[in-house]
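Student: Got a structure here, written out as structure tokens. Questions coming.
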Amino acid sequence: MLSLNSVNWDPLLLTLKLAILTTVLLLLVAIPLGYWLAYSKTKLKPILTVLISMPLVLPPTVLGFYFLIAFSPNNAFGAWLDSVLGLRLVFSFGGLVIASMLYGLPFMIHPVLAGFKSLPPQYKEASKLMGRSRLDTLRQVLLPNMKPALMSGLVLTFAHTLGEFGVVLMIGGAIPEKTRVASIAIYEEVEKLNFGQAHLYSLVLFLISFVILFWVYTRGAKNWGGFGK
Amino acid sequence: MIKAHLHKTLKGPNGVMPLDVDIQFEQGSFNALFGPSGAGKTSTLRMLSGLLSPESGKITNHNEVWFDSEKSVNLAAGKRNIGYLFQDLALFPNMSIRQNLQYASGKNPNNALIAELLRLTELESLADQKPYVLSGGQAKRAALARALAQEPQLLLLDEPFTALDQKLRLEFQDHLLELHSRFGFSVILVSHDLPEVCKLAAHVWVLDNGSITRSGSPAIIFGLDRSDKQVTVLAQVIAKTATGLMVSANGQQFEIKTDHTNDKYGLGSWVPVGLPTDSATLLDNNE
């Protein structure tokens with residue numbers, strides 16, 4: 001029988017830390033990016049839209065593999081990061097966060113973009129005619145009127161990051177307290193036939209995911225719009 | 001005085017239409033842009049406001065150049081100090097009515113003016129409510145008050161009276177006239193309702209198919225030179241006489257002299273009757 005005192009909570013705490021950090025950082029990225037995608041008339045838009053959506057269909061190992069190559073100190077980009085910025089992203093928590101952000105981008109950007117597109121263009125025009133800056137318009141008019149869409153983005157990204165496996169394993173390995181998140185810990189515990197521990201991690205992830213998705217489908221579902229034009 | 005010469009090729013449901021508009025008006029004047037749907041009225045307003053760029057042309061306000069295609073001048077929409085009443089109002093749902101006005105008023109809102117606007121538009125008791133609480137007429141007044149909270153020198157109204165019943169329409173027109181005489185801003189009203197234009201505007205431009213066909217006071221444009229010589233009413237034949245037909249219209253009976261007493265005009269049939277307008281008189285019905 002598994003005693004709660006003997007449980008190693010590190011993988012769950014690490015998972016939560018990764019999910020919260022990824023979600024918050026992604027929101028900061030998705031708002032300007034979503035704004036630009038919603039209102040810009042650039043011809044690059046279709047290409048960018050496809051690139052952002054790629055993680056939805058690509059095997060996580062493909063992304064993880066390319067990250068591994070790019071961040072490796074043996075290659076130009078990784079070497080530059082290492083020597084100039086002192087960043088070693090392979091097998092580190094920082095690398096995990098960056099990989100998670102790229103992998104979770106579509107889950108944040110879709111609802112945010114749908115939120116921008118759901119607002120009548122007159123809101124932006126009216127604010128502009130009042131002489132208000134774009135930042136004022138964004139902060140005081142646009143974002144407050146798309147709160148449910150932002151909430152959907154936060155929740156879906158958080159839930160998705162909890163369950164990440166392939167990308168995390170490729171780029172982070174499974175270093176205890178650094179990159180050994182719950183999904184990987186479950187896999188390792190099962191390999192060691194340590195079913196009690198695996199069960200506990202699984203149950204916690206199951207419950208968190210259930211609660212989040214329950215919220216999304218009962219309260220936030222109507223804001224989960226398509227990708228638009 | 002604002003002078004505008006605007007040219008733009010518009011793509012509409014009926015294909016491509018060149019819009020060519022030349023207008024000018026004095027500060028404080030009440031003007032109307034009159035014409036059928038798709039004539040280019042809203043596009044003209046949007047170009048004046050800076051929300052839409054003309055392909056070529058020039059807009060000046062006194063000595064200030066707002067737009068000049070030759071010199072590549074295009075003053076940002078927010079710097080032209082124009083109040084705009086959108087067809088669908090665009091009140092911000094996250095703010096109360098008062099907050100909507102404060103936001104329009106600027107970083108340091110003019111709260112005395114806001115209080116006065118709320119009073120003049122009879123919205124004081126609703127000032128702290130969100131827009132979704134308001135009725136159609138109240139929402140229009142709130143949007144008008146918000147457009148004026150930024151103390152504009154020019155107010156653009158895009159068909160502001162649509163979707164209001166006759167009573168609310170008249171009330172809103174009275175509010176608008178009162179605010180105009182109180183604050184002295186210039187107005188351009190886009191409308192295709194003739195009595196409304198005649199009641200409100202001192203000057204009207206008739207826009208048809210992208211160009212202004214006539215310009216002047218509403219009385220001249222819609223009145224004297226367009227006055228019909230006769231008015232047509234439908235009357236019902238009630239009897240045939242030796243010299244014509246006895247007809248009934250509007251509860252009154254009279255005889256029409258005609259040779260055509262054949263079966264074409266059977267008893268009970270409806271016939272159009274032309275009555276001269278030059279002998280029309282005003283009847284007092286208030287007794």
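Quick note on naming: the chains in the structure tokens go A, B, ... in the order shown, residues restart at 1 in each chain, and ligands are numbered from 1 in order of appearance.
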When you look at Gly35 in chain B with a cut-off of 7 Å (counting only C-alpha atoms), what residues show up, excluding the ones that are within fewer than 3 positions of it in the same chain? I need them as a list of chain:residue names.
Tutor: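 The residues satisfying every condition are B:Ala39, B:Ser191, B:His192, B:Val206, B:Leu207, B:Asp208.
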Student: Among range 64-266 of chain B, which ones does DSSP place in alpha helix (DSSP H), written as a ChimeraX atom specification?
Tutor: /B:97-105,111-120,136-149,166-183,194-200,218
Student: List as JSON, numbers by chain the protein and nucleic acid residues near Tyr103 in chain A, meaning an atom at most 12 Å away when only C-alpha atoms are counted, but skip any in the same chain fewer than 5 places from it.
Tutor: {"A": [19, 22, 23, 26, 51, 52, 53, 54, 55, 56, 57, 58, 59, 60, 61, 62, 63, 64, 67, 96, 97, 98, 108, 109, 157, 158, 160, 161, 163, 164, 165, 166, 167, 168]}
Student: Keeping C-alpha atoms, export the residues of the selection given above as a PDB file, in the first residue's frame.
Tutor:
```pdb
ATOM      1  CA  ALA A  19       1.814  24.517 -17.069  1.00  0.00           C
ATOM      2  CA  THR A  22       3.702  28.222 -20.177  1.00  0.00           C
ATOM      3  CA  THR A  23       0.110  29.473 -19.949  1.00  0.00           C
ATOM      4  CA  LEU A  26       1.662  32.219 -23.969  1.00  0.00           C
ATOM      5  CA  LEU A  51       2.684  27.307 -38.956  1.00  0.00           C
ATOM      6  CA  ILE A  52       0.886  28.157 -35.718  1.00  0.00           C
ATOM      7  CA  SER A  53      -1.565  25.309 -36.260  1.00  0.00           C
ATOM      8  CA  MET A  54       1.132  22.719 -37.096  1.00  0.00           C
ATOM      9  CA  PRO A  55       1.463  21.392 -33.510  1.00  0.00           C
ATOM     10  CA  LEU A  56      -2.172  20.284 -33.729  1.00  0.00           C
ATOM     11  CA  VAL A  57      -1.324  17.636 -36.315  1.00  0.00           C
ATOM     12  CA  LEU A  58       2.425  17.059 -36.054  1.00  0.00           C
ATOM     13  CA  PRO A  59       3.719  14.183 -33.870  1.00  0.00           C
ATOM     14  CA  PRO A  60       5.205  15.779 -30.736  1.00  0.00           C
ATOM     15  CA  THR A  61       8.411  13.855 -31.328  1.00  0.00           C
ATOM     16  CA  VAL A  62       8.963  15.731 -34.600  1.00  0.00           C
ATOM     17  CA  LEU A  63       8.840  19.077 -32.812  1.00  0.00           C
ATOM     18  CA  GLY A  64      10.957  17.710 -29.987  1.00  0.00           C
ATOM     19  CA  PHE A  67      14.140  21.584 -30.837  1.00  0.00           C
ATOM     20  CA  LEU A  96      10.992  22.809 -21.624  1.00  0.00           C
ATOM     21  CA  VAL A  97       9.073  26.055 -21.214  1.00  0.00           C
ATOM     22  CA  ILE A  98      10.004  27.320 -24.677  1.00  0.00           C
ATOM     23  CA  MET A 108      -4.045  29.735 -26.913  1.00  0.00           C
ATOM     24  CA  ILE A 109      -4.118  31.582 -30.220  1.00  0.00           C
ATOM     25  CA  THR A 157      -3.451  25.759 -22.829  1.00  0.00           C
ATOM     26  CA  PHE A 158      -3.063  24.846 -19.180  1.00  0.00           C
ATOM     27  CA  HIS A 160      -2.909  20.714 -22.760  1.00  0.00           C
ATOM     28  CA  THR A 161       0.459  21.469 -21.157  1.00  0.00           C
ATOM     29  CA  GLY A 163      -0.553  16.246 -20.607  1.00  0.00           C
ATOM     30  CA  GLU A 164       2.509  16.917 -22.734  1.00  0.00           C
ATOM     31  CA  PHE A 165       4.786  13.936 -23.209  1.00  0.00           C
ATOM     32  CA  GLY A 166       6.615  13.616 -26.503  1.00  0.00           C
ATOM     33  CA  VAL A 167       8.088  17.102 -26.791  1.00  0.00           C
ATOM     34  CA  VAL A 168       9.019  17.179 -23.122  1.00  0.00           C
TER      35      VAL A 168
END
```
Student: Starting from chain B, keep only residues with some atom at most 7 Å from an atom of chain A, counting only C-alpha atoms, and report them as a short mmCIF file (atom, residue, chain, number, x, y, z; two decimals) with C-alpha atoms, in the first residue's frame.
Tutor:
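Output file iface-v8.cif is given in full below:
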```
data_model
loop_
_atom_site.label_atom_id
_atom_site.label_comp_id
_atom_site.auth_asym_id
_atom_site.auth_seq_id
_atom_site.Cartn_x
_atom_site.Cartn_y
_atom_site.Cartn_z
CA ALA B 77 -8.80 59.64 -37.59
CA GLY B 78 -8.31 60.38 -33.90
CA LYS B 79 -6.78 63.79 -34.60
CA ILE B 82 -14.96 64.07 -35.21
CA ALA B 90 -21.01 50.54 -30.92
CA PHE B 92 -18.83 49.45 -25.32
CA PRO B 93 -20.65 46.64 -23.43
CA ASN B 94 -18.07 46.41 -20.65
CA ALA B 104 -14.81 59.25 -25.17
CA GLN B 150 -15.40 64.16 -26.96
#
```
Student: Which residues in range 78-167 of chain B does DSSP call strand (DSSP E)? List them as a list of chain:residue names.
Tutor: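 Result set for range 78-167 of chain B (strand (DSSP E)): B:Ile82, B:Gly83, B:Tyr84, B:Leu85, B:Leu154, B:Leu155, B:Leu156, B:Leu157, B:Asp158.
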Student: Next, dump the selected residues to file, keeping only N, CA and C atoms, as a compact mmCIF listing (two decimals), in the first residue's frame.
Tutor:
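result-v3.txt was written with the following content:
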```
# COMPACT_ATOMS: atom_id res chain seq x y z
N ILE B 82 -13.65 64.31 -34.61
CA ILE B 82 -14.96 64.07 -35.21
C ILE B 82 -15.75 63.09 -34.34
N GLY B 83 -16.96 63.46 -34.03
CA GLY B 83 -17.87 62.54 -33.34
C GLY B 83 -18.63 61.74 -34.39
N TYR B 84 -18.75 60.45 -34.17
CA TYR B 84 -19.35 59.59 -35.20
C TYR B 84 -20.41 58.72 -34.53
N LEU B 85 -21.63 58.83 -35.02
CA LEU B 85 -22.69 57.96 -34.50
C LEU B 85 -22.88 56.82 -35.49
N LEU B 154 -17.17 68.40 -35.43
CA LEU B 154 -18.04 67.87 -36.50
C LEU B 154 -18.66 66.56 -36.02
N LEU B 155 -19.96 66.45 -36.20
CA LEU B 155 -20.65 65.23 -35.81
C LEU B 155 -21.19 64.55 -37.07
N LEU B 156 -20.83 63.28 -37.24
CA LEU B 156 -21.30 62.53 -38.40
C LEU B 156 -22.34 61.51 -37.93
N LEU B 157 -23.51 61.54 -38.55
CA LEU B 157 -24.60 60.67 -38.13
C LEU B 157 -24.98 59.75 -39.28
N ASP B 158 -24.77 58.46 -39.10
CA ASP B 158 -25.05 57.51 -40.17
C ASP B 158 -26.44 56.89 -39.95
```
Student: Please identify all polymer residues within 6 Å of Leu33 in chain B, counting only C-alpha atoms, omitting same-chain residues fewer than 4 positions from it, and present them as JSON, numbers by chain.
Tutor: {"B": [189, 190, 204, 205]}
Student: Closest to Asp10 in chain A among A:Pro176, A:Gly196, A:Gly104, A:Pro148, using only C-alpha atoms?
Tutor: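 Once distances to Asp10 in chain A are computed over only C-alpha atoms, the minimum belongs to A:Pro176.
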Student: Residues within 12 Å of range 197-208 of chain A, please, as an mmCIF file with N, CA and C atoms, in the first residue's frame. Count only C-alpha atoms; anything in the same chain fewer than 5 positions from it doesn't count.
Tutor:
```
data_model
loop_
_atom_site.group_PDB
_atom_site.id
_atom_site.type_symbol
_atom_site.label_atom_id
_atom_site.label_comp_id
_atom_site.auth_asym_id
_atom_site.auth_seq_id
_atom_site.Cartn_x
_atom_site.Cartn_y
_atom_site.Cartn_z
ATOM 1 N N MET A 1 0.856 -1.192 0.000
ATOM 2 C CA MET A 1 0.000 0.000 0.000
ATOM 3 C C MET A 1 0.887 1.234 0.000
ATOM 4 N N LEU A 2 0.461 2.207 -0.813
ATOM 5 C CA LEU A 2 1.237 3.435 -0.958
ATOM 6 C C LEU A 2 0.925 4.385 0.197
ATOM 7 N N SER A 3 1.972 4.784 0.906
ATOM 8 C CA SER A 3 1.743 5.772 1.970
ATOM 9 C C SER A 3 1.988 7.164 1.405
ATOM 10 N N LEU A 4 1.129 8.130 1.746
ATOM 11 C CA LEU A 4 1.226 9.474 1.175
ATOM 12 C C LEU A 4 2.556 10.139 1.512
ATOM 13 N N ASN A 5 3.153 9.712 2.679
ATOM 14 C CA ASN A 5 4.429 10.310 3.079
ATOM 15 C C ASN A 5 5.569 9.899 2.164
ATOM 16 N N SER A 6 5.398 8.718 1.564
ATOM 17 C CA SER A 6 6.485 8.223 0.719
ATOM 18 C C SER A 6 6.340 8.669 -0.735
ATOM 19 N N VAL A 7 5.257 9.415 -1.019
ATOM 20 C CA VAL A 7 5.022 9.836 -2.405
ATOM 21 C C VAL A 7 6.009 10.923 -2.790
ATOM 22 N N ASN A 8 6.562 10.806 -3.997
ATOM 23 C CA ASN A 8 7.411 11.863 -4.528
ATOM 24 C C ASN A 8 6.527 12.838 -5.310
ATOM 25 N N TRP A 9 6.267 14.003 -4.703
ATOM 26 C CA TRP A 9 5.358 14.975 -5.338
ATOM 27 C C TRP A 9 6.051 15.817 -6.401
ATOM 28 N N ASP A 10 7.380 15.707 -6.496
ATOM 29 C CA ASP A 10 8.128 16.578 -7.409
ATOM 30 C C ASP A 10 7.596 16.609 -8.841
ATOM 31 N N PRO A 11 7.323 15.428 -9.435
ATOM 32 C CA PRO A 11 6.846 15.480 -10.828
ATOM 33 C C PRO A 11 5.552 16.287 -10.980
ATOM 34 N N LEU A 12 4.622 16.165 -10.009
ATOM 35 C CA LEU A 12 3.365 16.907 -10.098
ATOM 36 C C LEU A 12 3.602 18.406 -9.935
ATOM 37 N N LEU A 13 4.480 18.743 -8.964
ATOM 38 C CA LEU A 13 4.773 20.167 -8.757
ATOM 39 C C LEU A 13 5.444 20.767 -9.989
ATOM 40 N N THR A 15 5.145 19.698 -13.029
ATOM 41 C CA THR A 15 4.137 19.799 -14.083
ATOM 42 C C THR A 15 3.302 21.073 -13.919
ATOM 43 N N LEU A 16 2.882 21.323 -12.682
ATOM 44 C CA LEU A 16 2.081 22.528 -12.424
ATOM 45 C C LEU A 16 2.875 23.791 -12.741
ATOM 46 N N ALA A 19 3.094 24.156 -16.449
ATOM 47 C CA ALA A 19 1.814 24.517 -17.069
ATOM 48 C C ALA A 19 1.459 25.981 -16.787
ATOM 49 N N VAL A 155 -7.415 28.193 -20.121
ATOM 50 C CA VAL A 155 -7.780 26.883 -19.592
ATOM 51 C C VAL A 155 -7.313 25.760 -20.518
ATOM 52 N N LEU A 156 -7.531 25.951 -21.818
ATOM 53 C CA LEU A 156 -7.152 24.894 -22.764
ATOM 54 C C LEU A 156 -5.635 24.732 -22.818
ATOM 55 N N PHE A 158 -3.492 25.449 -20.445
ATOM 56 C CA PHE A 158 -3.063 24.846 -19.180
ATOM 57 C C PHE A 158 -3.301 23.337 -19.204
ATOM 58 N N ALA A 159 -4.500 22.951 -19.598
ATOM 59 C CA ALA A 159 -4.852 21.533 -19.614
ATOM 60 C C ALA A 159 -3.966 20.761 -20.596
ATOM 61 N N HIS A 160 -3.711 21.389 -21.742
ATOM 62 C CA HIS A 160 -2.909 20.714 -22.760
ATOM 63 C C HIS A 160 -1.468 20.525 -22.282
ATOM 64 N N THR A 161 -0.926 21.550 -21.618
ATOM 65 C CA THR A 161 0.459 21.469 -21.157
ATOM 66 C C THR A 161 0.616 20.402 -20.068
ATOM 67 N N LEU A 162 -0.414 20.215 -19.248
ATOM 68 C CA LEU A 162 -0.371 19.164 -18.226
ATOM 69 C C LEU A 162 -0.075 17.796 -18.833
ATOM 70 N N GLY A 163 -0.631 17.584 -20.027
ATOM 71 C CA GLY A 163 -0.553 16.246 -20.607
ATOM 72 C C GLY A 163 0.560 16.051 -21.601
ATOM 73 N N GLU A 164 1.445 17.031 -21.754
ATOM 74 C CA GLU A 164 2.509 16.917 -22.734
ATOM 75 C C GLU A 164 3.456 15.758 -22.422
ATOM 76 N N VAL A 181 8.550 15.597 -15.601
ATOM 77 C CA VAL A 181 7.180 16.008 -15.301
ATOM 78 C C VAL A 181 6.309 14.775 -15.080
ATOM 79 N N ALA A 182 5.054 14.988 -14.643
ATOM 80 C CA ALA A 182 4.201 13.876 -14.226
ATOM 81 C C ALA A 182 3.966 12.863 -15.338
ATOM 82 N N SER A 183 3.723 13.356 -16.563
ATOM 83 C CA SER A 183 3.409 12.410 -17.641
ATOM 84 C C SER A 183 4.576 11.455 -17.890
ATOM 85 N N ILE A 184 5.800 11.960 -17.755
ATOM 86 C CA ILE A 184 6.977 11.110 -17.954
ATOM 87 C C ILE A 184 7.183 10.204 -16.736
ATOM 88 N N ALA A 185 6.945 10.762 -15.554
ATOM 89 C CA ALA A 185 7.085 9.978 -14.331
ATOM 90 C C ALA A 185 6.152 8.772 -14.364
ATOM 91 N N ILE A 186 4.944 8.967 -14.872
ATOM 92 C CA ILE A 186 3.990 7.856 -14.952
ATOM 93 C C ILE A 186 4.578 6.733 -15.807
ATOM 94 N N TYR A 187 5.107 7.122 -16.954
ATOM 95 C CA TYR A 187 5.684 6.143 -17.874
ATOM 96 C C TYR A 187 6.820 5.367 -17.194
ATOM 97 N N GLU A 188 7.669 6.102 -16.487
ATOM 98 C CA GLU A 188 8.823 5.456 -15.848
ATOM 99 C C GLU A 188 8.401 4.546 -14.691
ATOM 100 N N GLU A 189 7.407 5.018 -13.919
ATOM 101 C CA GLU A 189 6.938 4.199 -12.797
ATOM 102 C C GLU A 189 6.327 2.891 -13.297
ATOM 103 N N VAL A 190 5.594 2.982 -14.398
ATOM 104 C CA VAL A 190 4.985 1.778 -14.963
ATOM 105 C C VAL A 190 6.068 0.821 -15.433
ATOM 106 N N GLU A 191 7.114 1.365 -16.064
ATOM 107 C CA GLU A 191 8.214 0.519 -16.520
ATOM 108 C C GLU A 191 8.860 -0.209 -15.348
ATOM 109 N N LYS A 192 8.879 0.472 -14.183
ATOM 110 C CA LYS A 192 9.472 -0.139 -12.988
ATOM 111 C C LYS A 192 8.452 -0.988 -12.237
ATOM 112 N N LEU A 213 -11.872 20.584 -18.347
ATOM 113 C CA LEU A 213 -12.685 20.395 -19.554
ATOM 114 C C LEU A 213 -14.169 20.544 -19.240
ATOM 115 N N PHE A 214 -14.568 20.120 -18.044
ATOM 116 C CA PHE A 214 -15.958 20.284 -17.640
ATOM 117 C C PHE A 214 -16.321 21.772 -17.653
ATOM 118 N N TRP A 215 -15.413 22.571 -17.148
ATOM 119 C CA TRP A 215 -15.642 24.024 -17.143
ATOM 120 C C TRP A 215 -15.749 24.544 -18.574
#
```
Student: Quick one: residues within 8 Å of Gly137 in chain B, only C-alpha atoms counted, chain neighbours fewer than 4 positions away excluded, as a PyMOL selection string?
Tutor: chain B and resi 141+164+168+172
Student: With only C-alpha atoms as the counted atoms, please give the residues lying no more than 12 Å from Pro131 in chain B, apart from itself and same-chain residues fewer than 6 positions off, as a PyMOL selection string.
Tutor: chain B and resi 89-101+123+137-143+146
